[in-house]
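Engineer: This one is target22.txt, compact mmCIF, C-alpha atoms.
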# COMPACT_ATOMS: atom_id res chain seq x y z
CA MET A 1 0.00 0.00 0.00
CA THR A 2 1.27 3.46 -0.92
CA ILE A 3 0.99 6.01 1.88
CA PRO A 4 0.41 9.50 0.42
CA ASP A 5 2.65 12.38 1.43
CA ASN A 6 0.60 14.66 3.73
CA SER A 7 3.10 17.49 3.95
CA ASP A 8 1.11 19.77 1.64
CA ARG A 9 -2.28 18.95 3.16
CA PRO A 10 -4.06 20.87 5.96
CA GLY A 11 -5.32 17.57 7.39
CA ALA A 12 -3.52 14.23 7.55
CA ARG A 13 -4.72 11.84 4.86
CA ILE A 14 -5.74 8.29 5.61
CA PRO A 15 -3.34 5.54 4.51
CA CYS A 16 -4.62 4.60 1.08
CA GLU A 17 -3.11 3.54 -2.22
CA THR A 18 -3.90 5.98 -5.01
CA ARG A 19 -3.53 5.96 -8.78
CA ASN A 20 -3.51 8.78 -11.29
CA VAL A 21 -6.66 9.39 -13.31
CA PHE A 22 -6.04 12.26 -15.74
CA GLY A 23 -4.00 14.16 -13.17
CA PHE A 24 -6.05 13.39 -10.06
CA SER A 25 -5.05 10.93 -7.31
CA VAL A 26 -7.97 8.53 -6.88
CA ALA A 27 -8.21 6.02 -4.04
CA VAL A 28 -7.84 2.30 -4.54
CA SER A 29 -10.02 0.91 -1.78
CA SER A 30 -13.42 -0.61 -1.12
CA VAL A 31 -16.61 0.75 0.41
CA GLU A 32 -16.00 -1.20 3.63
CA GLU A 33 -12.35 -0.14 3.97
CA MET A 34 -13.08 3.49 3.20
CA SER A 35 -16.03 3.54 5.60
CA ALA A 36 -13.92 2.15 8.46
CA ALA A 37 -11.05 4.55 7.74
CA LEU A 38 -13.37 7.57 7.67
CA ALA A 39 -15.14 6.46 10.86
CA GLU A 40 -11.84 6.33 12.70
CA ARG A 41 -10.79 9.64 11.19
CA ALA A 42 -14.07 11.24 12.32
CA LEU A 43 -13.70 10.04 15.89
CA GLU A 44 -10.29 11.69 16.19
CA ALA A 45 -11.09 14.70 14.00
CA GLU A 46 -8.73 17.58 14.69
CA ALA A 47 -9.25 19.36 11.37
CA PRO A 48 -11.70 19.30 8.45
CA PHE A 49 -11.16 16.21 6.28
CA LEU A 50 -12.64 16.47 2.79
CA VAL A 51 -13.86 13.57 0.66
CA ALA A 52 -15.07 13.77 -2.94
CA ALA A 53 -16.78 11.02 -4.92
CA ALA A 54 -15.65 11.36 -8.53
CA ASP A 55 -17.52 9.90 -11.48
CA ALA A 56 -16.68 10.55 -15.14
CA HIS A 57 -18.49 13.89 -14.99
CA VAL A 58 -16.48 15.11 -12.00
CA VAL A 59 -13.12 14.03 -13.42
CA THR A 60 -13.81 15.46 -16.88
CA LEU A 61 -15.03 18.74 -15.41
CA GLY A 62 -11.85 18.90 -13.35
CA VAL A 63 -9.75 18.45 -16.50
CA HIS A 64 -11.53 21.18 -18.46
CA ASP A 65 -12.21 23.66 -15.66
CA ARG A 66 -8.87 24.48 -14.01
CA ASP A 67 -10.58 26.21 -11.11
CA TYR A 68 -12.62 23.11 -10.36
CA GLY A 69 -9.53 20.96 -10.89
CA ASN A 70 -7.83 22.96 -8.14
CA VAL A 71 -10.85 22.29 -5.92
CA LEU A 72 -10.48 18.53 -6.44
CA GLU A 73 -6.78 18.72 -5.63
CA ARG A 74 -7.68 20.17 -2.21
CA MET A 75 -9.66 17.06 -1.30
CA ASP A 76 -7.99 14.68 1.16
CA VAL A 77 -9.50 11.67 -0.60
CA ILE A 78 -11.09 11.23 -4.02
CA CYS A 79 -13.16 8.05 -4.27
CA PRO A 80 -13.99 6.40 -7.61
CA ASP A 81 -17.74 6.99 -7.91
CA GLY A 82 -18.48 5.51 -11.31
CA MET A 83 -17.38 2.42 -13.19
CA PRO A 84 -15.56 4.32 -15.99
CA VAL A 85 -13.24 5.75 -13.32
CA VAL A 86 -12.76 2.28 -11.83
CA TRP A 87 -11.95 0.84 -15.29
CA ARG A 88 -9.35 3.55 -15.77
CA LEU A 89 -7.83 2.77 -12.36
CA ASN A 90 -7.56 -0.90 -13.31
CA ARG A 91 -6.19 -0.34 -16.79
CA GLY A 92 -2.88 -2.05 -17.47
CA LEU A 93 -2.42 -3.61 -14.03
CA SER A 94 0.57 -5.84 -13.63
CA SER A 95 0.45 -9.19 -11.83
CA GLY A 96 -0.11 -8.79 -8.12
CA GLU A 97 -1.51 -5.26 -8.30
CA ARG A 98 -4.80 -4.72 -6.55
CA GLU A 99 -7.94 -4.04 -8.57
CA ALA A 100 -9.84 -0.92 -7.59
CA CYS A 101 -13.48 -1.11 -6.53
CA ARG A 102 -16.23 1.44 -6.95
CA VAL A 103 -16.79 3.60 -3.86
CA SER A 104 -19.89 5.61 -4.67
CA GLY A 105 -21.30 8.40 -2.54
CA PRO A 106 -24.60 6.62 -1.82
CA ASP A 107 -22.85 3.34 -0.93
CA LEU A 108 -20.29 5.06 1.27
CA MET A 109 -23.03 6.97 3.07
CA GLU A 110 -24.99 3.79 3.73
CA ALA A 111 -21.91 1.94 4.99
CA LEU A 112 -20.82 4.72 7.36
CA VAL A 113 -24.34 5.21 8.74
CA ARG A 114 -24.64 1.46 9.25
CA SER A 115 -21.31 1.43 11.08
CA ASN A 116 -22.78 3.60 13.85
CA VAL A 117 -23.39 0.33 15.69
CA GLN A 118 -19.66 -0.40 15.61
CA TYR A 119 -18.67 3.25 16.12
CA PRO A 120 -21.32 4.72 18.47
CA GLY A 121 -19.38 7.97 18.71
CA LEU A 122 -20.26 8.95 15.13
CA ARG A 123 -22.62 11.94 14.95
CA HIS A 124 -23.98 12.74 11.50
CA PHE A 125 -25.04 16.06 9.98
CA LEU A 126 -27.07 16.43 6.77
CA LEU A 127 -26.29 19.56 4.74
CA GLY A 128 -28.26 20.25 1.58
CA GLY A 129 -31.66 19.75 -0.01
CA ASP A 130 -34.90 21.31 1.13
CA GLU A 131 -36.64 20.82 4.47
CA LYS A 132 -38.98 18.18 3.07
CA LEU A 133 -36.12 16.09 1.68
CA LEU A 134 -34.11 16.37 4.91
CA GLU A 135 -37.11 15.26 6.95
CA ALA A 136 -37.70 12.26 4.68
CA LEU A 137 -34.00 11.36 4.66
CA SER A 138 -33.49 11.57 8.43
CA GLY A 139 -36.65 9.53 9.00
CA ALA A 140 -35.58 6.84 6.53
CA LEU A 141 -32.09 6.54 8.01
CA LYS A 142 -33.39 6.34 11.59
CA GLU A 143 -35.90 3.66 10.61
CA LYS A 144 -33.46 1.52 8.63
CA TYR A 145 -30.43 1.95 10.92
CA PRO A 146 -31.42 2.04 14.61
CA GLY A 147 -27.88 2.96 15.67
CA PHE A 148 -27.86 6.07 13.49
CA GLN A 149 -27.01 9.23 15.46
CA LEU A 150 -28.33 12.40 13.81
CA ALA A 151 -26.59 15.50 15.16
CA GLY A 152 -28.47 17.93 12.95
CA ALA A 153 -29.59 18.98 9.48
CA TYR A 154 -29.59 22.25 7.57
CA SER A 155 -31.18 23.37 4.30
CA PRO A 156 -29.18 26.26 2.79
CA PRO A 157 -31.04 28.95 0.83
CA PHE A 158 -31.72 28.16 -2.83
CA ARG A 159 -30.00 31.30 -4.14
CA PRO A 160 -26.45 32.66 -4.33
CA TRP A 161 -25.07 32.60 -0.79
CA THR A 162 -24.05 35.67 1.15
CA GLU A 163 -21.31 35.70 3.75
CA GLU A 164 -24.05 35.53 6.38
CA ASP A 165 -25.44 32.40 4.72
CA LEU A 166 -22.01 30.76 4.78
CA GLU A 167 -21.55 31.69 8.42
CA ASN A 168 -24.96 30.22 9.28
CA MET A 169 -24.01 26.95 7.57
CA ARG A 170 -20.76 26.70 9.50
CA GLU A 171 -22.47 27.58 12.77
CA ALA A 172 -25.16 24.94 12.21
CA VAL A 173 -22.48 22.26 11.81
CA ALA A 174 -20.34 23.53 14.72
CA SER A 175 -23.21 23.82 17.21
CA SER A 176 -24.44 20.30 16.39
CA GLY A 177 -21.24 18.62 17.53
CA ALA A 178 -21.21 16.47 14.38
CA ASN A 179 -18.07 14.66 13.31
CA VAL A 180 -19.43 13.38 9.96
CA VAL A 181 -21.01 15.92 7.61
CA TRP A 182 -22.85 14.67 4.52
CA VAL A 183 -22.77 17.42 1.91
CA GLY A 184 -25.60 16.99 -0.57
CA LEU A 185 -25.36 20.24 -2.51
CA GLY A 186 -24.75 18.65 -5.93
CA CYS A 187 -21.66 18.76 -8.11
CA PRO A 188 -19.70 21.03 -8.48
CA LYS A 189 -21.26 23.16 -5.73
CA GLN A 190 -20.57 20.75 -2.87
CA GLU A 191 -16.86 20.31 -3.66
CA ARG A 192 -16.39 24.06 -4.14
CA TRP A 193 -18.07 24.76 -0.80
CA MET A 194 -15.87 22.27 1.05
CA ALA A 195 -12.65 23.55 -0.52
CA GLU A 196 -13.44 27.26 -0.19
CA GLN A 197 -14.68 26.99 3.40
CA ARG A 198 -12.03 24.56 4.60
CA GLU A 199 -10.05 26.95 6.77
CA LEU A 200 -13.24 28.01 8.58
CA LEU A 201 -14.99 24.66 8.97
CA PRO A 202 -15.17 22.89 12.35
CA PRO A 203 -13.22 19.60 12.63
CA ALA A 204 -15.15 16.72 11.03
CA VAL A 205 -15.16 14.43 8.01
CA TYR A 206 -16.99 16.12 5.13
CA VAL A 207 -18.23 13.90 2.30
CA GLY A 208 -19.78 15.21 -0.92
CA VAL A 209 -22.49 12.72 -1.87
CA GLY A 210 -24.64 14.43 -4.50
CA ALA A 211 -27.80 12.45 -5.24
CA ALA A 212 -27.37 10.15 -2.22
CA PHE A 213 -29.84 12.23 -0.21
CA ALA A 214 -32.63 11.62 -2.71
CA PHE A 215 -31.74 7.94 -3.10
CA HIS A 216 -31.75 7.18 0.62
CA ALA A 217 -34.83 9.32 1.26
CA GLY A 218 -36.67 7.29 -1.36
CA THR A 219 -37.64 10.33 -3.43
CA VAL A 220 -35.54 9.22 -6.43
CA LYS A 221 -35.13 5.60 -7.48
CA ARG A 222 -31.58 4.38 -8.03
CA ALA A 223 -30.57 2.32 -11.06
CA PRO A 224 -30.80 -1.49 -10.83
CA TRP A 225 -27.64 -3.19 -9.58
CA TRP A 226 -26.76 -4.67 -12.99
CA MET A 227 -26.72 -1.17 -14.50
CA GLN A 228 -24.55 0.16 -11.66
CA LYS A 229 -22.10 -2.71 -12.08
CA ASN A 230 -21.79 -2.22 -15.84
CA GLY A 231 -21.29 1.53 -15.80
CA LEU A 232 -24.79 2.39 -16.97
CA GLU A 233 -26.15 4.21 -13.92
CA TRP A 234 -25.73 7.52 -15.76
CA LEU A 235 -28.01 6.23 -18.54
CA TYR A 236 -30.69 5.30 -16.03
CA ARG A 237 -30.48 8.75 -14.44
CA ILE A 238 -30.90 10.39 -17.86
CA TYR A 239 -33.97 8.20 -18.42
CA ARG A 240 -35.41 9.35 -15.08
CA GLU A 241 -34.43 13.04 -15.38
CA PRO A 242 -33.69 13.81 -19.08
CA GLY A 243 -34.32 17.55 -18.91
CA ARG A 244 -31.80 18.13 -16.14
CA LEU A 245 -29.11 15.54 -16.84
CA LEU A 246 -29.00 14.71 -20.58
CA ARG A 247 -26.46 17.30 -21.68
CA ARG A 248 -24.28 16.92 -18.60
CA TYR A 249 -23.92 13.13 -18.70
CA VAL A 250 -23.64 12.64 -22.46
CA LYS A 251 -20.97 15.32 -22.79
CA HIS A 252 -18.75 14.30 -19.90
CA ASN A 253 -19.11 10.53 -20.19
CA SER A 254 -18.28 10.78 -23.91
CA LEU A 255 -15.21 12.90 -23.21
CA PHE A 256 -14.04 10.53 -20.49
CA VAL A 257 -14.34 7.52 -22.85
CA TRP A 258 -12.39 9.46 -25.49
CA TYR A 259 -9.62 10.15 -22.99
CA VAL A 260 -9.43 6.46 -22.10
CA LEU A 261 -9.33 5.33 -25.74
CA THR A 262 -6.69 7.87 -26.76
CA GLY A 263 -4.55 7.17 -23.71
CA ARG A 264 -4.59 10.76 -22.52
Just dump the structure as C-alpha cells.
Structural biologist:
Amino acid sequence: MTIPDNSDRPGARIPCETRNVFGFSVAVSSVEEMSAALAERALEAEAPFLVAAADAHVVTLGVHDRDYGNVLERMDVICPDGMPVVWRLNRGLSSGEREACRVSGPDLMEALVRSNVQYPGLRHFLLGGDEKLLEALSGALKEKYPGFQLAGAYSPPFRPWTEEDLENMREAVASSGANVVWVGLGCPKQERWMAEQRELLPPAVYVGVGAAFAFHAGTVKRAPWWMQKNGLEWLYRIYREPGRLLRRYVKHNSLFVWYVLTGR
C-alpha cells in the first residue's frame, strides 16, 4: 500500500493507495475499507477532512475547468464513484496489483451510517436539499439503521449565498457537535463549498455525496444493480431526469471515454 505524502495537506490523509486518473489521485479501496477509515478519522477529528466522490463527470469537469480541478486537488481523498473511473484505475495492471473497486457516494453513506453500531461515537449532519427532503432522509435513516445518530440537518437557501449564509451553515455544523457531515449540494457546488470553506470549517469528516440524499430518502429511485455494475447508472439517471441531466452526462461521459481510448 502506498501512503500519500501529507506534507502539503491541511489535514492528515488516511493511509490509502492511489492511482492517477487524468491528473487526479484517486483512491484504490473498497466501500468497507473506506467507511472504516473515515469512521476512525471522524472520531479523532482535529481538522476538516474532505472527501469527494468522482464519477466521469467530476473528473472530466476537473480536467476542463482548471478552477474546479484545483478544488479537487484540495480534497484529502477522491473516491472512484463511477465504473468508468474504476476501469481507468484498473487499466494495465501488472500481476499482483490490486484491482480498484467502486466507492460511490450513496454506498459510502450507507456503509458509514450502518457502522454507527460499531462506532457509536459517530454523529452525523445532513447539509443540503430542502426541508422536506431532509425530513424524509433523516426519517428513513433512523428507521433503517437504529444505531444512526443524527446531530443535525440544515437546508441552505436556494439562491447565491451571502457571507451571512455561509456563516450560518458553518455555525449549524459547529453547534451540532457532528463529526461526519454529509454534503448533498450537488456537483460542483458541494466540492467548491468544502474547498473554499475549509479553513473556517469545524473539525469533522466532510463527504460530498450528490444524489445520495434523494436515493436514501426514497424520493428518487436508483438504477438497478446490474446497470450500476456495468457503468450504466448515468443512462438510467438520464432516463429518469432527461431535462436536467441529458447534456451533462452525455458530454462528460463521452469525453471521459475518449480520454481512455486515446490514452490521454
Engineer: Can you tell me how far CA of Ala27 (chain A) sits from CA of Cys79 (chain A), in Å to one decimal?
Structural biologist: 5.4 Å
Engineer: Provide the CA of Glu164 (chain A) to CA of Glu196 (chain A) distance in Å, to one decimal place.
Structural biologist: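 Taking CA of Glu164 (chain A) and CA of Glu196 (chain A), their separation equals 15.0 Å.
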Engineer: One decimal, Å: what's the distance from CA of Tyr154 (chain A) over to CA of Met75 (chain A), could you say?
Structural biologist: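 Spanning CA of Tyr154 (chain A) to CA of Met75 (chain A) is a straight-line distance of 22.4 Å.
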Engineer: Measuring atom to atom with all atoms listed in the file, identify which of A:Glu167, A:Glu191, A:Glu135, A:Glu46 is nearest to Ile78 (chain A).
Structural biologist: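 Ranking A:Glu167, A:Glu191, A:Glu135, A:Glu46 by distance to Ile78 (chain A), first place goes to A:Glu191.
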Engineer: Which polymer residues have any atom within 9 Å of an atom of Gly186 (chain A), counting all atoms listed in the file, with same-chain residues fewer than 5 positions away left out, as a PyMOL selection string?
Structural biologist: chain A and resi 128+191+208-211
Engineer: Using only C-alpha atoms, find the one residue out of A:Leu127, A:Val173, A:Leu137, A:Leu201 that sits nearest to Val220 (chain A).
Structural biologist: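 That would be A:Leu137, the residue with the smallest distance to Val220 (chain A).
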Engineer: Considering all atoms listed in the file, can you say which of A:Ser25, A:Thr219, A:Ser95, A:Ser138 comes closest to Trp182 (chain A)?
Structural biologist: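 Under the stated criterion, the closest residue is A:Ser138.
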Engineer: Take region 140-166 of chain A, bring it up to N, CA and C atoms, and give me the output as a PDB file, in the coordinates of the input.
Structural biologist:
ATOM      1  N   ALA A 140     -35.920   8.115   7.164  1.00  0.00           N
ATOM      2  CA  ALA A 140     -35.580   6.840   6.530  1.00  0.00           C
ATOM      3  C   ALA A 140     -34.336   6.229   7.146  1.00  0.00           C
ATOM      4  N   LEU A 141     -33.329   7.057   7.423  1.00  0.00           N
ATOM      5  CA  LEU A 141     -32.090   6.540   8.010  1.00  0.00           C
ATOM      6  C   LEU A 141     -32.312   6.043   9.436  1.00  0.00           C
ATOM      7  N   LYS A 142     -33.113   6.761  10.216  1.00  0.00           N
ATOM      8  CA  LYS A 142     -33.390   6.340  11.590  1.00  0.00           C
ATOM      9  C   LYS A 142     -34.172   5.021  11.602  1.00  0.00           C
ATOM     10  N   GLU A 143     -35.083   4.867  10.657  1.00  0.00           N
ATOM     11  CA  GLU A 143     -35.900   3.660  10.610  1.00  0.00           C
ATOM     12  C   GLU A 143     -35.089   2.447  10.168  1.00  0.00           C
ATOM     13  N   LYS A 144     -34.220   2.644   9.177  1.00  0.00           N
ATOM     14  CA  LYS A 144     -33.460   1.520   8.630  1.00  0.00           C
ATOM     15  C   LYS A 144     -32.249   1.161   9.483  1.00  0.00           C
ATOM     16  N   TYR A 145     -31.648   2.178  10.138  1.00  0.00           N
ATOM     17  CA  TYR A 145     -30.430   1.950  10.920  1.00  0.00           C
ATOM     18  C   TYR A 145     -30.652   2.472  12.331  1.00  0.00           C
ATOM     19  N   PRO A 146     -31.097   1.618  13.235  1.00  0.00           N
ATOM     20  CA  PRO A 146     -31.420   2.040  14.610  1.00  0.00           C
ATOM     21  C   PRO A 146     -30.268   2.700  15.348  1.00  0.00           C
ATOM     22  N   GLY A 147     -29.037   2.374  14.989  1.00  0.00           N
ATOM     23  CA  GLY A 147     -27.880   2.960  15.670  1.00  0.00           C
ATOM     24  C   GLY A 147     -27.519   4.342  15.159  1.00  0.00           C
ATOM     25  N   PHE A 148     -28.180   4.800  14.121  1.00  0.00           N
ATOM     26  CA  PHE A 148     -27.860   6.070  13.490  1.00  0.00           C
ATOM     27  C   PHE A 148     -28.032   7.244  14.457  1.00  0.00           C
ATOM     28  N   GLN A 149     -26.982   8.075  14.573  1.00  0.00           N
ATOM     29  CA  GLN A 149     -27.010   9.230  15.460  1.00  0.00           C
ATOM     30  C   GLN A 149     -27.039  10.511  14.626  1.00  0.00           C
ATOM     31  N   LEU A 150     -28.193  11.169  14.579  1.00  0.00           N
ATOM     32  CA  LEU A 150     -28.330  12.400  13.810  1.00  0.00           C
ATOM     33  C   LEU A 150     -28.023  13.593  14.708  1.00  0.00           C
ATOM     34  N   ALA A 151     -26.955  14.324  14.375  1.00  0.00           N
ATOM     35  CA  ALA A 151     -26.590  15.500  15.160  1.00  0.00           C
ATOM     36  C   ALA A 151     -27.384  16.720  14.723  1.00  0.00           C
ATOM     37  N   GLY A 152     -27.727  16.786  13.448  1.00  0.00           N
ATOM     38  CA  GLY A 152     -28.470  17.930  12.950  1.00  0.00           C
ATOM     39  C   GLY A 152     -28.607  17.909  11.449  1.00  0.00           C
ATOM     40  N   ALA A 153     -29.372  18.859  10.927  1.00  0.00           N
ATOM     41  CA  ALA A 153     -29.590  18.980   9.480  1.00  0.00           C
ATOM     42  C   ALA A 153     -29.810  20.454   9.167  1.00  0.00           C
ATOM     43  N   TYR A 154     -29.444  20.845   7.949  1.00  0.00           N
ATOM     44  CA  TYR A 154     -29.590  22.250   7.570  1.00  0.00           C
ATOM     45  C   TYR A 154     -29.839  22.341   6.073  1.00  0.00           C
ATOM     46  N   SER A 155     -30.859  23.114   5.703  1.00  0.00           N
ATOM     47  CA  SER A 155     -31.180  23.370   4.300  1.00  0.00           C
ATOM     48  C   SER A 155     -30.731  24.778   3.938  1.00  0.00           C
ATOM     49  N   PRO A 156     -29.651  24.916   3.164  1.00  0.00           N
ATOM     50  CA  PRO A 156     -29.180  26.260   2.790  1.00  0.00           C
ATOM     51  C   PRO A 156     -30.166  26.929   1.833  1.00  0.00           C
ATOM     52  N   PRO A 157     -30.141  28.241   1.751  1.00  0.00           N
ATOM     53  CA  PRO A 157     -31.040  28.950   0.830  1.00  0.00           C
ATOM     54  C   PRO A 157     -30.790  28.545  -0.627  1.00  0.00           C
ATOM     55  N   PHE A 158     -31.851  28.494  -1.420  1.00  0.00           N
ATOM     56  CA  PHE A 158     -31.720  28.160  -2.830  1.00  0.00           C
ATOM     57  C   PHE A 158     -31.543  29.444  -3.646  1.00  0.00           C
ATOM     58  N   ARG A 159     -30.400  30.072  -3.454  1.00  0.00           N
ATOM     59  CA  ARG A 159     -30.000  31.300  -4.140  1.00  0.00           C
ATOM     60  C   ARG A 159     -28.510  31.479  -3.909  1.00  0.00           C
ATOM     61  N   PRO A 160     -27.877  32.409  -4.608  1.00  0.00           N
ATOM     62  CA  PRO A 160     -26.450  32.660  -4.330  1.00  0.00           C
ATOM     63  C   PRO A 160     -26.261  33.030  -2.855  1.00  0.00           C
ATOM     64  N   TRP A 161     -25.262  32.422  -2.227  1.00  0.00           N
ATOM     65  CA  TRP A 161     -25.070  32.600  -0.790  1.00  0.00           C
ATOM     66  C   TRP A 161     -24.315  33.878  -0.467  1.00  0.00           C
ATOM     67  N   THR A 162     -24.759  34.517   0.606  1.00  0.00           N
ATOM     68  CA  THR A 162     -24.050  35.670   1.150  1.00  0.00           C
ATOM     69  C   THR A 162     -23.056  35.176   2.201  1.00  0.00           C
ATOM     70  N   GLU A 163     -22.223  36.063   2.676  1.00  0.00           N
ATOM     71  CA  GLU A 163     -21.310  35.700   3.750  1.00  0.00           C
ATOM     72  C   GLU A 163     -22.073  35.277   4.998  1.00  0.00           C
ATOM     73  N   GLU A 164     -23.221  35.911   5.228  1.00  0.00           N
ATOM     74  CA  GLU A 164     -24.050  35.530   6.380  1.00  0.00           C
ATOM     75  C   GLU A 164     -24.583  34.115   6.217  1.00  0.00           C
ATOM     76  N   ASP A 165     -24.968  33.759   4.988  1.00  0.00           N
ATOM     77  CA  ASP A 165     -25.440  32.400   4.720  1.00  0.00           C
ATOM     78  C   ASP A 165     -24.335  31.384   5.030  1.00  0.00           C
ATOM     79  N   LEU A 166     -23.134  31.670   4.560  1.00  0.00           N
ATOM     80  CA  LEU A 166     -22.010  30.760   4.780  1.00  0.00           C
ATOM     81  C   LEU A 166     -21.704  30.624   6.273  1.00  0.00           C
TER      82      LEU A 166
END
